[in-house]
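Read the structure below first, then the notes.
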Protein chains: 2
Amino acid sequence: MECASEFLKDRKKEMMAINDAMDVLNGKWKICIISSICYYNKRRFSDILNDVAGISNKMLSKELKELEANKLVKRTVLDTQPVTVQYELTDHGKTLQTIITNLTEWGMEHRKKIIGKN
Amino acid sequence: MECASEFLKDRKKEMMAINDAMDVLNGKWKICIISSICYYNKRRFSDILNDVAGISNKMLSKELKELEANKLVKRTVLDTQPVTVQYELTDHGKTLQTIITNLTEWGMEHRKKIIGKN
DNA sequence: CAGTATCCAAAGGGATACTG
DNA sequence: CAGTATCCCTTTGGATACTG
């Protein structure tokens with residue numbers, strides 16, 4: 001048998017990592033927002049508001065700030081009249097691509113198997 | 001240019017799929033619980049309670065029920081005194097393996113890059 | 001357009017105690 | 001052991017209105 005404390009230390013790190021990831025992605029909206037920006041490359045506030053069904057401007061604003069704080073999203077104010085704001089993924093944000101793809105595929109399978117109907 | 005309505009229909013399906021997946025996995029605990037059961041193959045209620053730092057028995061009970069309802073987890077009552085309850089992943093639950101692995105790895109990278117410290 | 005501010009009902013979830 | 005039940009404070013987030 002291996003050293004139990006080493007084994008537990010690794011497990012703890014794994015759990016921490018999962019928590020870190022989920023903290024960043026959690027909630028009803030984050031992944032959808034990221035997916036929207038990612039899909040269109042650059043996306044304006046009001047566009048995302050339309051893409052993500054059901055989200056309110058208050059929520060969108062809050063979520064985007066959190067994504068910015070986590071350096072997943074970059075916000076650029078364009079000097080137009082009235083102002084336009086572009087959101088795009090940072091390089092770090094783009095590393096979520098795989099996870100989003102996996103989640104999308106898994107969600108489709110899950111719907112087929114459990115929820116029924118497509 | 002491709003047919004715009006086909007394009008939008010696909011996008012909608014993708015968003016729905018992401019939502020389905022997130023509905024199932026959302027919250028502070030679900031992935032951690034799944035990860036714990038997955039890691040040990042079979043796991044008892046009180047063991048999971050210990051594995052997942054900070055969770056209360058009330059929460060764990062609620063989350064496990066939801067995971068069962070989504071057919072990700074199977075619950076087996078063993079005829080011991082007092083009762084023992086085993087939780088294990090269903091085949092469907094095991095299909096989350098990839099996502100969990102990806103989340104773990106992404107979480108570690110994220111911690112290095114953004115949160116700082118390991 | 002891209003947000004902020006405020007109000008407020010509803011849901012979430014911890015602490016504690018209890019049960020088969 | 002494996003949960004339930006209850007109390008109760010906190011957070012969440014929708015609706016609406018307003019601003020630069």
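Chain labels follow the order of the structure tokens: the first chain is A, the next B, and so on; residue numbering restarts at 1 in every chain, and ligands are counted from 1 in their shown order.
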Test item: chain A residues at most 6 Å from chain B, counting only C-alpha atoms, as a PyMOL selection string = chain A and resi 17-18+20-21+103-104+107-108
Could the residues in this selection be saved with all heavy atoms as a PDB file, in the first residue's frame?
ATOM      1  N   ALA A  17      -9.202  21.772  -6.926  1.00  0.00           N
ATOM      2  CA  ALA A  17      -9.216  22.172  -8.332  1.00  0.00           C
ATOM      3  C   ALA A  17     -10.639  22.155  -8.886  1.00  0.00           C
ATOM      4  O   ALA A  17     -11.062  23.083  -9.578  1.00  0.00           O
ATOM      5  CB  ALA A  17      -8.327  21.236  -9.149  1.00  0.00           C
ATOM      6  N   ILE A  18     -11.385  21.118  -8.564  1.00  0.00           N
ATOM      7  CA  ILE A  18     -12.774  21.040  -9.018  1.00  0.00           C
ATOM      8  C   ILE A  18     -13.561  22.211  -8.468  1.00  0.00           C
ATOM      9  O   ILE A  18     -14.342  22.858  -9.176  1.00  0.00           O
ATOM     10  CB  ILE A  18     -13.408  19.710  -8.572  1.00  0.00           C
ATOM     11  CG1 ILE A  18     -12.693  18.535  -9.240  1.00  0.00           C
ATOM     12  CG2 ILE A  18     -14.876  19.686  -8.918  1.00  0.00           C
ATOM     13  CD1 ILE A  18     -13.200  17.187  -8.806  1.00  0.00           C
ATOM     14  N   ASP A  20     -12.393  25.132  -7.534  1.00  0.00           N
ATOM     15  CA  ASP A  20     -11.963  26.349  -8.218  1.00  0.00           C
ATOM     16  C   ASP A  20     -12.671  26.497  -9.548  1.00  0.00           C
ATOM     17  O   ASP A  20     -13.189  27.562  -9.889  1.00  0.00           O
ATOM     18  CB  ASP A  20     -10.446  26.328  -8.459  1.00  0.00           C
ATOM     19  CG  ASP A  20      -9.677  26.511  -7.163  1.00  0.00           C
ATOM     20  OD1 ASP A  20     -10.277  26.964  -6.173  1.00  0.00           O
ATOM     21  OD2 ASP A  20      -8.483  26.186  -7.148  1.00  0.00           O
ATOM     22  N   ALA A  21     -12.691  25.410 -10.298  1.00  0.00           N
ATOM     23  CA  ALA A  21     -13.313  25.440 -11.610  1.00  0.00           C
ATOM     24  C   ALA A  21     -14.800  25.746 -11.488  1.00  0.00           C
ATOM     25  O   ALA A  21     -15.338  26.600 -12.206  1.00  0.00           O
ATOM     26  CB  ALA A  21     -13.101  24.110 -12.328  1.00  0.00           C
ATOM     27  N   LEU A 103     -19.397  19.605 -22.444  1.00  0.00           N
ATOM     28  CA  LEU A 103     -20.672  19.835 -21.774  1.00  0.00           C
ATOM     29  C   LEU A 103     -21.822  19.830 -22.771  1.00  0.00           C
ATOM     30  O   LEU A 103     -22.884  19.259 -22.513  1.00  0.00           O
ATOM     31  CB  LEU A 103     -20.659  21.173 -21.031  1.00  0.00           C
ATOM     32  CG  LEU A 103     -19.977  21.172 -19.672  1.00  0.00           C
ATOM     33  CD1 LEU A 103     -19.871  22.590 -19.130  1.00  0.00           C
ATOM     34  CD2 LEU A 103     -20.760  20.303 -18.684  1.00  0.00           C
ATOM     35  N   THR A 104     -21.591  20.452 -23.929  1.00  0.00           N
ATOM     36  CA  THR A 104     -22.635  20.486 -24.952  1.00  0.00           C
ATOM     37  C   THR A 104     -22.983  19.080 -25.408  1.00  0.00           C
ATOM     38  O   THR A 104     -24.152  18.692 -25.456  1.00  0.00           O
ATOM     39  CB  THR A 104     -22.165  21.315 -26.157  1.00  0.00           C
ATOM     40  OG1 THR A 104     -21.701  22.594 -25.689  1.00  0.00           O
ATOM     41  CG2 THR A 104     -23.302  21.548 -27.126  1.00  0.00           C
ATOM     42  N   GLY A 107     -24.690  17.169 -22.630  1.00  0.00           N
ATOM     43  CA  GLY A 107     -26.045  17.655 -22.453  1.00  0.00           C
ATOM     44  C   GLY A 107     -27.003  17.071 -23.481  1.00  0.00           C
ATOM     45  O   GLY A 107     -28.140  16.713 -23.164  1.00  0.00           O
ATOM     46  N   MET A 108     -26.517  16.938 -24.714  1.00  0.00           N
ATOM     47  CA  MET A 108     -27.359  16.355 -25.758  1.00  0.00           C
ATOM     48  C   MET A 108     -27.643  14.885 -25.479  1.00  0.00           C
ATOM     49  O   MET A 108     -28.780  14.427 -25.589  1.00  0.00           O
ATOM     50  CB  MET A 108     -26.691  16.521 -27.124  1.00  0.00           C
ATOM     51  CG  MET A 108     -26.729  17.969 -27.610  1.00  0.00           C
ATOM     52  SD  MET A 108     -25.977  18.170 -29.239  1.00  0.00           S
ATOM     53  CE  MET A 108     -26.261  19.935 -29.534  1.00  0.00           C
TER      54      MET A 108
END
Interface, chain C side, toward chain B (10 Å; only C-alpha atoms (C1' of nucleotides)) as number ranges by chain | C: 13-15, 20
Deliver the residues from the most recent selection as a file, using all heavy atoms, as a short mmCIF file (atom, residue, chain, number, x, y, z; two decimals), in the first residue's frame.
data_model
loop_
_atom_site.label_atom_id
_atom_site.label_comp_id
_atom_site.auth_asym_id
_atom_site.auth_seq_id
_atom_site.Cartn_x
_atom_site.Cartn_y
_atom_site.Cartn_z
P DG C 13 -27.83 26.43 -1.96
OP1 DG C 13 -26.57 26.76 -2.66
OP2 DG C 13 -28.58 25.22 -2.33
"O5'" DG C 13 -27.53 26.40 -0.40
"C5'" DG C 13 -27.05 27.56 0.25
"C4'" DG C 13 -27.20 27.42 1.74
"O4'" DG C 13 -28.58 27.64 2.13
"C3'" DG C 13 -26.83 26.03 2.31
"O3'" DG C 13 -26.08 26.22 3.48
"C2'" DG C 13 -28.19 25.45 2.67
"C1'" DG C 13 -28.89 26.70 3.13
N9 DG C 13 -30.33 26.60 3.28
C8 DG C 13 -31.21 25.89 2.51
N7 DG C 13 -32.46 25.99 2.93
C5 DG C 13 -32.38 26.82 4.03
C6 DG C 13 -33.40 27.30 4.90
O6 DG C 13 -34.60 27.06 4.87
N1 DG C 13 -32.88 28.13 5.90
C2 DG C 13 -31.54 28.46 6.04
N2 DG C 13 -31.22 29.26 7.04
N3 DG C 13 -30.58 28.02 5.23
C4 DG C 13 -31.07 27.22 4.26
P DG C 14 -24.74 25.31 3.69
OP1 DG C 14 -23.67 25.83 2.85
OP2 DG C 14 -25.13 23.88 3.61
"O5'" DG C 14 -24.38 25.63 5.22
"C5'" DG C 14 -24.06 26.97 5.59
"C4'" DG C 14 -24.54 27.24 7.01
"O4'" DG C 14 -25.99 27.33 7.02
"C3'" DG C 14 -24.16 26.17 8.04
"O3'" DG C 14 -23.63 26.80 9.20
"C2'" DG C 14 -25.47 25.44 8.34
"C1'" DG C 14 -26.52 26.51 8.06
N9 DG C 14 -27.79 25.99 7.56
C8 DG C 14 -27.99 25.25 6.42
N7 DG C 14 -29.25 24.93 6.23
C5 DG C 14 -29.92 25.48 7.30
C6 DG C 14 -31.30 25.46 7.63
O6 DG C 14 -32.24 24.94 7.02
N1 DG C 14 -31.56 26.13 8.82
C2 DG C 14 -30.61 26.76 9.60
N2 DG C 14 -31.04 27.35 10.71
N3 DG C 14 -29.31 26.79 9.30
C4 DG C 14 -29.04 26.13 8.14
P DA C 15 -22.91 25.88 10.33
OP1 DA C 15 -21.79 26.67 10.85
OP2 DA C 15 -22.68 24.51 9.81
"O5'" DA C 15 -24.05 25.81 11.44
"C5'" DA C 15 -24.80 26.99 11.78
"C4'" DA C 15 -25.73 26.67 12.94
"O4'" DA C 15 -27.02 26.26 12.43
"C3'" DA C 15 -25.24 25.54 13.86
"O3'" DA C 15 -25.48 25.91 15.22
"C2'" DA C 15 -26.06 24.33 13.42
"C1'" DA C 15 -27.35 24.97 12.92
N9 DA C 15 -28.00 24.26 11.82
C8 DA C 15 -27.40 23.68 10.73
N7 DA C 15 -28.22 23.12 9.87
C5 DA C 15 -29.47 23.34 10.43
C6 DA C 15 -30.77 23.01 10.01
N6 DA C 15 -31.03 22.36 8.88
N1 DA C 15 -31.80 23.38 10.80
C2 DA C 15 -31.53 24.04 11.95
N3 DA C 15 -30.35 24.42 12.44
C4 DA C 15 -29.35 24.04 11.63
P DG C 20 -39.58 6.82 14.42
OP1 DG C 20 -40.97 7.08 13.98
OP2 DG C 20 -39.29 6.46 15.83
"O5'" DG C 20 -38.96 5.70 13.48
"C5'" DG C 20 -38.88 5.88 12.07
"C4'" DG C 20 -37.91 4.86 11.51
"O4'" DG C 20 -36.57 5.31 11.78
"C3'" DG C 20 -38.05 3.47 12.14
"O3'" DG C 20 -37.80 2.48 11.15
"C2'" DG C 20 -36.94 3.46 13.18
"C1'" DG C 20 -35.87 4.29 12.49
N9 DG C 20 -34.90 4.98 13.35
C8 DG C 20 -35.11 5.60 14.55
N7 DG C 20 -34.04 6.14 15.06
C5 DG C 20 -33.05 5.86 14.13
C6 DG C 20 -31.67 6.19 14.12
O6 DG C 20 -31.02 6.81 14.95
N1 DG C 20 -31.04 5.70 12.98
C2 DG C 20 -31.65 4.99 11.97
N2 DG C 20 -30.89 4.61 10.96
N3 DG C 20 -32.94 4.69 11.97
C4 DG C 20 -33.57 5.15 13.07
#
Per-residue DSSP, chain A, filtered to strand (DSSP E), as a PyMOL selection string = chain A and resi 42-44+73-78+84-89
From B:Leu89, B:Cys3, B:Leu67, B:Leu60, residue lying nearest chain D [only C-alpha atoms (C1' of nucleotides)] | B:Leu60
Pairwise distance for CA of Val85 in chain B and CA of Arg44 in chain B, rounded to one decimal in Å =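 Separating CA of Val85 in chain B from CA of Arg44 in chain B is a distance of 5.5 Å.
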Taking only C-alpha atoms (C1' of nucleotides) into account and nothing else, which residues of chain D lie no more than 10 Å away from chain A? Please answer as a PDB file with N, CA and C atoms (P, O5', C5', C4', C3', O3' and C1' of nucleotides), in the first residue's frame.
ATOM      1  P    DG D  13     -28.846  33.953  -8.676  1.00  0.00           P
ATOM      2  O5'  DG D  13     -30.091  34.770  -9.209  1.00  0.00           O
ATOM      3  C5'  DG D  13     -31.416  34.273  -8.991  1.00  0.00           C
ATOM      4  C4'  DG D  13     -32.413  35.377  -9.231  1.00  0.00           C
ATOM      5  C3'  DG D  13     -32.117  36.245 -10.474  1.00  0.00           C
ATOM      6  O3'  DG D  13     -33.342  36.508 -11.119  1.00  0.00           O
ATOM      7  C1'  DG D  13     -32.432  37.596  -8.631  1.00  0.00           C
ATOM      8  P    DG D  14     -33.476  36.294 -12.684  1.00  0.00           P
ATOM      9  O5'  DG D  14     -34.938  36.848 -13.007  1.00  0.00           O
ATOM     10  C5'  DG D  14     -36.077  36.230 -12.406  1.00  0.00           C
ATOM     11  C4'  DG D  14     -37.108  37.283 -12.036  1.00  0.00           C
ATOM     12  C3'  DG D  14     -37.413  38.295 -13.151  1.00  0.00           C
ATOM     13  O3'  DG D  14     -38.823  38.413 -13.305  1.00  0.00           O
ATOM     14  C1'  DG D  14     -36.802  39.435 -11.144  1.00  0.00           C
ATOM     15  P    DA D  15     -39.378  39.205 -14.593  1.00  0.00           P
ATOM     16  O5'  DA D  15     -39.879  40.580 -13.953  1.00  0.00           O
ATOM     17  C5'  DA D  15     -40.454  40.602 -12.654  1.00  0.00           C
ATOM     18  C4'  DA D  15     -40.860  42.031 -12.309  1.00  0.00           C
ATOM     19  C3'  DA D  15     -41.087  42.940 -13.513  1.00  0.00           C
ATOM     20  O3'  DA D  15     -42.216  43.764 -13.265  1.00  0.00           O
ATOM     21  C1'  DA D  15     -39.340  43.820 -12.164  1.00  0.00           C
ATOM     22  P    DG D  20     -26.043  61.084 -15.084  1.00  0.00           P
ATOM     23  O5'  DG D  20     -24.896  60.718 -16.116  1.00  0.00           O
ATOM     24  C5'  DG D  20     -23.955  59.680 -15.836  1.00  0.00           C
ATOM     25  C4'  DG D  20     -23.271  59.286 -17.131  1.00  0.00           C
ATOM     26  C3'  DG D  20     -22.926  60.479 -18.031  1.00  0.00           C
ATOM     27  O3'  DG D  20     -21.710  60.205 -18.714  1.00  0.00           O
ATOM     28  C1'  DG D  20     -24.385  59.010 -19.167  1.00  0.00           C
TER      29       DG D  20
END
Residues of chain B in alpha helix (DSSP H) according to DSSP, as a VMD selection string?
-> chain B and resid 4 to 25 30 to 40 45 to 51 57 to 69 91 to 94 97 to 110
